[in-house]
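Listing of entry-v9.txt, compact mmCIF, C-alpha atoms and all ligand atoms
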```txt
# COMPACT_ATOMS: atom_id res chain seq x y z
CA MET C 302 0.00 0.00 0.00
CA THR C 303 1.19 3.52 -0.73
CA ARG C 304 2.48 5.45 2.26
CA LYS C 305 0.85 8.72 3.24
CA ILE C 306 3.38 11.40 4.20
CA ALA C 307 2.99 14.93 5.54
CA ALA C 308 6.44 16.49 5.23
CA GLY C 309 7.36 19.98 6.41
CA ASN C 310 10.26 21.91 4.90
CA TRP C 311 11.25 24.74 7.23
CA LYS C 312 13.70 26.11 4.61
CA MET C 313 16.05 28.75 6.10
CA ASN C 314 13.77 29.37 9.07
CA GLY C 315 14.04 28.33 12.67
CA THR C 316 16.14 28.71 15.79
CA GLY C 317 16.10 26.73 19.01
CA ALA C 318 12.85 28.45 20.00
CA SER C 319 11.12 26.91 16.96
CA LEU C 320 11.52 23.45 18.44
CA ALA C 321 8.48 24.21 20.62
CA GLU C 322 6.41 23.78 17.42
CA LEU C 323 8.01 20.39 16.84
CA GLU C 324 7.26 19.37 20.43
CA THR C 325 3.59 20.18 19.85
CA LEU C 326 3.58 17.96 16.75
CA ALA C 327 5.42 15.21 18.63
CA ALA C 328 2.66 15.16 21.24
CA ARG C 329 0.02 14.25 18.61
CA THR C 330 -1.41 10.77 18.62
CA PRO C 331 0.00 9.38 15.37
CA GLY C 332 -2.57 8.61 12.68
CA THR C 333 -2.05 6.79 9.38
CA ALA C 334 0.11 9.54 7.88
CA GLU C 335 3.86 9.58 8.47
CA MET C 336 5.02 12.96 9.78
CA VAL C 337 8.36 14.41 8.68
CA ILE C 338 9.96 17.76 9.54
CA CYS C 339 13.04 19.02 7.71
CA PRO C 340 14.52 21.83 9.85
CA PRO C 341 17.71 23.70 8.96
CA ALA C 342 20.84 21.57 9.44
CA THR C 343 21.77 23.53 12.57
CA LEU C 344 18.70 22.17 14.38
CA ILE C 345 18.71 18.53 13.29
CA SER C 346 20.34 16.95 16.36
CA ARG C 347 18.24 18.96 18.78
CA ALA C 348 15.10 18.28 16.71
CA VAL C 349 15.73 14.53 16.84
CA ASP C 350 15.69 14.68 20.64
CA LYS C 351 12.24 16.29 20.64
CA ALA C 352 10.64 14.59 17.63
CA GLY C 353 8.83 11.61 19.14
CA PRO C 354 6.97 9.95 16.25
CA VAL C 355 7.96 12.74 13.82
CA ALA C 356 10.81 11.76 11.47
CA ILE C 357 13.51 14.37 10.92
CA GLY C 358 15.11 15.13 7.56
CA GLY C 359 17.76 17.33 6.00
CA GLN C 360 16.92 19.84 3.25
CA ASP C 361 19.92 19.00 1.07
CA CYS C 362 23.12 16.96 1.18
CA HIS C 363 26.43 16.96 -0.65
CA ALA C 364 27.02 14.13 -3.11
CA ALA C 365 30.26 13.11 -1.37
CA ALA C 366 30.42 11.40 2.02
CA SER C 367 33.16 13.71 3.32
CA GLY C 368 35.95 15.96 2.10
CA ALA C 369 37.07 19.50 1.32
CA HIS C 370 33.66 21.10 0.72
CA THR C 371 33.45 24.10 3.04
CA GLY C 372 29.97 24.77 4.32
CA ASP C 373 28.41 21.61 2.96
CA VAL C 374 26.81 18.77 4.88
CA SER C 375 26.95 15.13 3.76
CA ALA C 376 24.17 12.58 3.90
CA GLU C 377 26.27 10.55 6.32
CA MET C 378 26.43 13.54 8.65
CA LEU C 379 22.65 13.94 8.47
CA ARG C 380 22.24 10.28 9.32
CA ASP C 381 24.75 10.58 12.15
CA ALA C 382 22.76 13.52 13.54
CA GLY C 383 19.66 11.33 13.61
CA ALA C 384 17.93 12.29 10.34
CA THR C 385 16.14 9.57 8.39
CA TYR C 386 15.05 11.66 5.39
CA VAL C 387 16.68 14.16 3.05
CA ILE C 388 15.15 16.45 0.42
CA THR C 389 16.97 16.62 -2.92
CA GLY C 390 16.31 18.72 -6.01
CA HIS C 391 14.21 21.43 -4.39
CA SER C 392 13.61 24.19 -6.95
CA GLU C 393 15.22 26.72 -4.58
CA ARG C 394 18.44 24.63 -4.65
CA ARG C 395 18.17 24.14 -8.40
CA ALA C 396 17.79 27.96 -8.80
CA ASP C 397 20.04 29.33 -6.02
CA HIS C 398 22.86 26.79 -6.42
CA GLY C 399 22.54 25.85 -10.08
CA GLU C 400 21.86 22.19 -9.28
CA SER C 401 21.37 20.10 -12.41
CA ASP C 402 19.44 16.85 -12.74
CA ALA C 403 22.79 15.03 -12.63
CA ASP C 404 23.67 16.79 -9.35
CA VAL C 405 20.29 15.83 -7.90
CA ALA C 406 20.83 12.21 -8.95
CA ALA C 407 24.25 12.16 -7.27
CA LYS C 408 22.85 13.64 -4.06
CA THR C 409 19.99 11.14 -4.12
CA ARG C 410 22.43 8.23 -4.44
CA ALA C 411 24.43 9.70 -1.54
CA GLY C 412 21.26 9.85 0.55
CA TRP C 413 20.54 6.19 -0.15
CA GLU C 414 24.12 5.17 0.62
CA ALA C 415 23.73 6.82 4.03
CA GLY C 416 20.46 4.94 4.62
CA LEU C 417 18.17 7.97 4.18
CA THR C 418 14.80 8.06 2.43
CA VAL C 419 14.99 10.73 -0.26
CA ILE C 420 12.19 13.21 -1.01
CA LEU C 421 13.10 14.27 -4.55
CA CYS C 422 11.44 17.41 -5.92
CA VAL C 423 10.37 18.14 -9.49
CA GLY C 424 8.19 20.87 -10.97
CA GLU C 425 7.78 23.32 -13.79
CA SER C 426 8.13 27.11 -13.94
CA LEU C 427 5.22 29.36 -14.89
CA ALA C 428 6.70 29.95 -18.35
CA GLU C 429 6.99 26.20 -18.90
CA ARG C 430 3.37 25.64 -17.81
CA GLU C 431 2.10 28.45 -20.02
CA ALA C 432 4.01 26.96 -22.95
CA GLY C 433 2.22 23.64 -22.37
CA ARG C 434 5.49 21.92 -21.44
CA THR C 435 4.67 20.76 -17.89
CA LEU C 436 4.69 17.01 -18.54
CA ASP C 437 7.81 17.27 -20.73
CA VAL C 438 9.65 19.15 -17.98
CA VAL C 439 8.54 16.82 -15.17
CA GLY C 440 9.30 13.78 -17.35
CA ALA C 441 12.80 15.06 -18.10
CA GLN C 442 13.43 15.79 -14.41
CA LEU C 443 12.29 12.31 -13.41
CA ALA C 444 14.47 10.73 -16.12
CA GLY C 445 17.52 12.83 -15.22
CA SER C 446 17.33 13.07 -11.43
CA VAL C 447 15.93 9.74 -10.27
CA PRO C 448 18.75 7.17 -10.21
CA ASP C 449 18.28 3.51 -11.06
CA GLY C 450 17.48 1.32 -8.10
CA ALA C 451 14.75 3.50 -6.55
CA THR C 452 12.16 1.69 -4.46
CA ALA C 453 8.99 2.74 -2.67
CA GLU C 454 10.95 2.47 0.58
CA THR C 455 13.82 4.71 -0.44
CA LEU C 456 12.23 7.29 -2.74
CA VAL C 457 9.38 9.79 -2.35
CA ILE C 458 8.65 12.24 -5.16
CA ALA C 459 7.34 15.75 -4.48
CA TYR C 460 5.67 17.59 -7.37
CA GLU C 461 6.19 21.28 -6.63
CA PRO C 462 5.22 23.69 -9.42
CA ILE C 463 7.67 26.57 -8.91
CA TRP C 464 4.98 29.19 -9.45
CA ALA C 465 2.88 27.72 -6.61
CA ILE C 466 5.65 27.85 -3.98
CA GLY C 467 5.02 30.55 -1.39
CA THR C 468 2.63 32.40 -3.69
CA GLY C 469 -0.80 31.27 -2.49
CA LYS C 470 -1.44 30.06 -6.05
CA VAL C 471 -2.33 26.39 -6.46
CA PRO C 472 -2.90 24.47 -9.70
CA SER C 473 -6.43 23.24 -10.30
CA LEU C 474 -7.20 19.78 -8.94
CA GLU C 475 -7.31 18.57 -12.56
CA GLU C 476 -3.83 19.95 -13.20
CA ILE C 477 -2.45 18.31 -10.06
CA GLY C 478 -4.16 15.04 -11.00
CA GLU C 479 -2.74 15.13 -14.52
CA VAL C 480 0.85 15.49 -13.31
CA HIS C 481 0.48 12.89 -10.54
CA ALA C 482 -1.07 10.36 -12.92
CA PHE C 483 1.79 11.01 -15.35
CA MET C 484 4.40 10.55 -12.59
CA ARG C 485 2.71 7.35 -11.39
CA LYS C 486 2.74 5.91 -14.93
CA THR C 487 6.35 6.94 -15.54
CA LEU C 488 7.63 5.53 -12.25
CA SER C 489 5.56 2.32 -12.53
CA GLU C 490 7.00 1.65 -15.98
CA ARG C 491 10.54 2.13 -14.72
CA PHE C 492 10.53 0.65 -11.20
CA ALA C 493 9.06 -2.59 -9.84
CA THR C 494 7.60 -0.74 -6.84
CA GLY C 495 6.74 2.47 -8.73
CA SER C 496 3.02 1.96 -8.19
CA ASP C 497 3.62 2.12 -4.41
CA MET C 498 5.92 5.18 -4.34
CA ALA C 499 4.53 8.08 -2.31
CA LEU C 500 3.85 11.08 -4.56
CA LEU C 501 3.53 14.36 -2.64
CA TYR C 502 2.13 17.66 -3.88
CA GLY C 503 3.87 20.85 -2.71
CA GLY C 504 3.11 24.53 -3.25
CA SER C 505 0.90 26.72 -1.01
CA VAL C 506 -0.68 23.76 0.81
CA LYS C 507 -2.67 25.08 3.80
CA PRO C 508 -5.15 23.54 6.23
CA GLY C 509 -7.95 25.08 4.14
CA ASN C 510 -7.03 23.45 0.81
CA ALA C 511 -5.35 20.22 2.00
CA ALA C 512 -8.44 17.98 2.05
CA GLU C 513 -9.39 18.68 -1.58
CA ILE C 514 -5.79 18.19 -2.73
CA PHE C 515 -5.54 14.86 -0.84
CA GLY C 516 -8.74 13.80 -2.60
CA VAL C 517 -6.94 13.84 -5.96
CA ALA C 518 -5.94 10.39 -7.25
CA ASP C 519 -2.24 9.55 -6.77
CA VAL C 520 -1.66 12.36 -4.26
CA ASP C 521 -0.24 10.57 -1.23
CA GLY C 522 0.61 13.59 0.90
CA ALA C 523 2.24 16.99 0.82
CA LEU C 524 5.57 18.77 1.09
CA VAL C 525 4.72 21.94 2.98
CA GLY C 526 6.78 25.10 3.40
CA GLY C 527 5.23 28.09 5.16
CA ALA C 528 2.36 26.20 6.80
CA SER C 529 4.79 23.72 8.39
CA LEU C 530 6.32 26.40 10.62
CA LYS C 531 3.31 26.48 12.95
CA ALA C 532 2.18 23.23 14.57
CA SER C 533 -1.44 24.38 14.47
CA ASP C 534 -1.34 24.84 10.67
CA PHE C 535 0.69 21.72 9.96
CA GLY C 536 -1.54 19.74 12.34
CA GLY C 537 -4.56 20.73 10.25
CA ILE C 538 -2.82 19.39 7.14
CA ILE C 539 -1.92 16.13 8.93
CA ASP C 540 -5.55 15.77 10.06
CA ALA C 541 -6.71 16.16 6.46
CA LEU C 542 -4.23 13.51 5.30
CA ASP C 543 -5.22 11.10 8.08
CA ALA C 544 -8.86 11.55 7.06
CA SER C 545 -8.19 10.93 3.35
CA VAL C 546 -8.66 7.46 1.89
O1 LIG N 1 8.58 24.67 -1.38
C1 LIG N 1 7.72 24.17 -0.67
C2 LIG N 1 8.01 23.01 0.17
O2 LIG N 1 9.23 22.43 -0.15
C3 LIG N 1 6.36 24.74 -0.61
O3 LIG N 1 6.41 25.94 0.08
P1 LIG N 1 5.04 26.69 0.51
O4 LIG N 1 4.19 25.62 1.18
O5 LIG N 1 5.48 27.75 1.43
O6 LIG N 1 4.40 27.15 -0.76
```
Could you render the structure as structure tokens?
Amino acid sequence: MTRKIAAGNWKMNGTGASLAELETLAARTPGTAEMVICPPATLISRAVDKAGPVAIGGQDCHAAASGAHTGDVSAEMLRDAGATYVITGHSERRADHGESDADVAAKTRAGWEAGLTVILCVGESLAEREAGRTLDVVGAQLAGSVPDGATAETLVIAYEPIWAIGTGKVPSLEEIGEVHAFMRKTLSERFATGSDMALLYGGSVKPGNAAEIFGVADVDGALVGGASLKASDFGGIIDALDASV
């Protein structure tokens, strides 16, 4: 059966005081959805101590296990700090750090080698959507960034249209459904467990729109930015996922 995952990406937000939000989440009675929080790297070890049933993830990792890479963090280090997940290929990393599909594939392999489950992000820009190229772009990202050997245990895909991130704009349910059905078909054709891989939607998910998004076929959860910073908001999204069938 496909996993249901509510993952929060705190991005470059959060200090020690923010862990109070995590403690509130950790006090929830777990439902059917897996809960994941990806705080900044500086908070991972402290977050692990407070996380209870919430899994902790990194937001990025270097492709190498160790070495002369000032400022970078390896997947092994994330694992050592207690993380069990890592995000790769977020559009903000692709844009801010020029990460290519090949870079994302290398980071994803590094995550697997360290024993982490990888949440790999794909998604089109507004110009690409308006040009009718969404499925071509997502298909090329899946082909170029997802390494061979992916399984439903080790890989989660997040579809995050760039124009929906932090904007309050969300694709129509039909548009989300079209991309998720396409990703399901593509992954099922390539991987033995592709039909069981969790496919998350990300981009302006809030408590108020989560239920209808989780009602779309092949949407198995969400990758949430802004609304994951407050336990009350993220809790509403988790409730909607728990209630979805
Ligand atoms: O980029 C995102 C999660 O990785 C989505 O961010 P928002 O939920 O703030 O739109």
Just how far from atom O6 of ligand LIG 1 (chain N) is CA of Ile539 in chain C, in Å to one decimal?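 That distance, rounded to one decimal, is 16.0 Å.
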Å distance separating CA of Leu474 in chain C from CA of Glu429 in chain C, one decimal place: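 So the two atoms, CA of Leu474 in chain C and CA of Glu429 in chain C, lie 18.5 Å apart.
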Which residue gives the smallest distance to Gly537 in chain C among C:Ala518, C:Ala348, C:Val447, C:Val525, with only C-alpha atoms counted? C:Val525
A straight line from CA of Arg347 in chain C to CA of Phe535 in chain C spans 19.8 Å
Per-residue nearest contacts chain C to ligand LIG 1 (chain N), cut-off 6 Å, using all atoms listed in the file, as a tab-separated table:
```
residue	atom	partner	partner_atom	distance
C:Asn310	CA	N:LIG1	O2	5.2
C:Ile466	CA	N:LIG1	O6	3.5
C:Gly467	CA	N:LIG1	O6	3.5
C:Gly503	CA	N:LIG1	C3	5.1
C:Gly504	CA	N:LIG1	O6	3.8
C:Ser505	CA	N:LIG1	O6	3.5
C:Val506	CA	N:LIG1	O4	5.2
C:Leu524	CA	N:LIG1	C2	5.0
C:Val525	CA	N:LIG1	O4	4.1
C:Gly526	CA	N:LIG1	O3	3.4
C:Gly527	CA	N:LIG1	O5	3.8
C:Ala528	CA	N:LIG1	O4	5.9
```
Using C-alpha atoms, can you export the residues from the last selection as a PDB file, in the coordinates of the input?
```
ATOM      1  CA  ASN C 310      10.260  21.910   4.900  1.00  0.00           C
ATOM      2  CA  ILE C 466       5.650  27.850  -3.980  1.00  0.00           C
ATOM      3  CA  GLY C 467       5.020  30.550  -1.390  1.00  0.00           C
ATOM      4  CA  GLY C 503       3.870  20.850  -2.710  1.00  0.00           C
ATOM      5  CA  GLY C 504       3.110  24.530  -3.250  1.00  0.00           C
ATOM      6  CA  SER C 505       0.900  26.720  -1.010  1.00  0.00           C
ATOM      7  CA  VAL C 506      -0.680  23.760   0.810  1.00  0.00           C
ATOM      8  CA  LEU C 524       5.570  18.770   1.090  1.00  0.00           C
ATOM      9  CA  VAL C 525       4.720  21.940   2.980  1.00  0.00           C
ATOM     10  CA  GLY C 526       6.780  25.100   3.400  1.00  0.00           C
ATOM     11  CA  GLY C 527       5.230  28.090   5.160  1.00  0.00           C
ATOM     12  CA  ALA C 528       2.360  26.200   6.800  1.00  0.00           C
TER      13      ALA C 528
END
```
Which residues are near Ala459 in chain C? Cut-off 7 Å, only C-alpha atoms, ignore same chain within fewer than 6 positions. Put them as a list of chain:residue names.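 My reading of the contact set: C:Ile420, C:Leu421, C:Cys422, C:Val423, C:Leu500, C:Leu501, C:Tyr502, C:Gly503, C:Leu524.
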With distances taken over all atoms listed in the file, which of C:Ala406, C:Leu326, C:Ile306, C:His481 is nearest to Lys351 in chain C? C:Leu326
So, counting all atoms listed in the file, which residue among C:Thr409, C:Thr343, C:Ser473, C:Thr330 is closest to Asn314 in chain C?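 Closest to Asn314 in chain C, using all atoms listed in the file: C:Thr343.
The nearest approach to Glu400 in chain C among the residues C:Glu490, C:Glu454, C:Asp361, C:Glu461, with only C-alpha atoms taken into account, belongs to C:Asp361.
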Using all atoms listed in the file, the best pick from C:His363, C:His391, C:His398, C:Arg434 as closest to Met378 in chain C would be C:His363
Go ahead and find all residues with at least one atom no further than 12 Å from (4.6, 15.6, 11.5) in the file's coordinates, using all atoms listed in the file; report them as a PyMOL selection string. chain C and resi 305-310+322-340+351-358+522-525+528-540+542-543
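For the set C:Ala541, C:Leu379, C:Gly495, C:Lys507, the residue with the smallest atom-to-atom gap to Thr468 in chain C is C:Lys507, counting all atoms listed in the file.
Every residue within 10 Å of the file position (23.1, 14.7, -13.6), judged by only C-alpha atoms, is given as C:Glu400, C:Ser401, C:Asp402, C:Ala403, C:Asp404, C:Val405, C:Ala406, C:Ala407, C:Lys408, C:Gln442, C:Ala444, C:Gly445, C:Ser446, C:Val447, C:Pro448.
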Pick out the residues sitting within 12 Å of Asp381 in chain C, and hand them over as a PyMOL selection string; count all atoms listed in the file, and ignore anything fewer than 5 positions along from it in its own chain. chain C and resi 342+345-346+349+357-359+366+374-376+386+415-417
Those same residues - C-alpha atoms - I'd like them written as a PDB file, keeping the file's coordinate frame.
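Writing the result to again.pdb gives the following:
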```pdb
ATOM      1  CA  ALA C 342      20.840  21.570   9.440  1.00  0.00           C
ATOM      2  CA  ILE C 345      18.710  18.530  13.290  1.00  0.00           C
ATOM      3  CA  SER C 346      20.340  16.950  16.360  1.00  0.00           C
ATOM      4  CA  VAL C 349      15.730  14.530  16.840  1.00  0.00           C
ATOM      5  CA  ILE C 357      13.510  14.370  10.920  1.00  0.00           C
ATOM      6  CA  GLY C 358      15.110  15.130   7.560  1.00  0.00           C
ATOM      7  CA  GLY C 359      17.760  17.330   6.000  1.00  0.00           C
ATOM      8  CA  ALA C 366      30.420  11.400   2.020  1.00  0.00           C
ATOM      9  CA  VAL C 374      26.810  18.770   4.880  1.00  0.00           C
ATOM     10  CA  SER C 375      26.950  15.130   3.760  1.00  0.00           C
ATOM     11  CA  ALA C 376      24.170  12.580   3.900  1.00  0.00           C
ATOM     12  CA  TYR C 386      15.050  11.660   5.390  1.00  0.00           C
ATOM     13  CA  ALA C 415      23.730   6.820   4.030  1.00  0.00           C
ATOM     14  CA  GLY C 416      20.460   4.940   4.620  1.00  0.00           C
ATOM     15  CA  LEU C 417      18.170   7.970   4.180  1.00  0.00           C
TER      16      LEU C 417
END
```
If the box runs along x, y and z of the file and leaves 5 Å on each side of range 408-412 of chain C, what are its centre and edge lengths in Å, one decimal, as AutoDock Vina command-line options?
```
--center_x 22.2 --center_y 10.9 --center_z -1.9 --size_x 14.4 --size_y 15.4 --size_z 15.0
```
I want to know what sits within 7 Å of Met313 in chain C, based on all atoms listed in the file, with residues of the same chain fewer than 2 positions away left out; could you give that as JSON, numbers by chain? {"C": [311, 315, 341]}
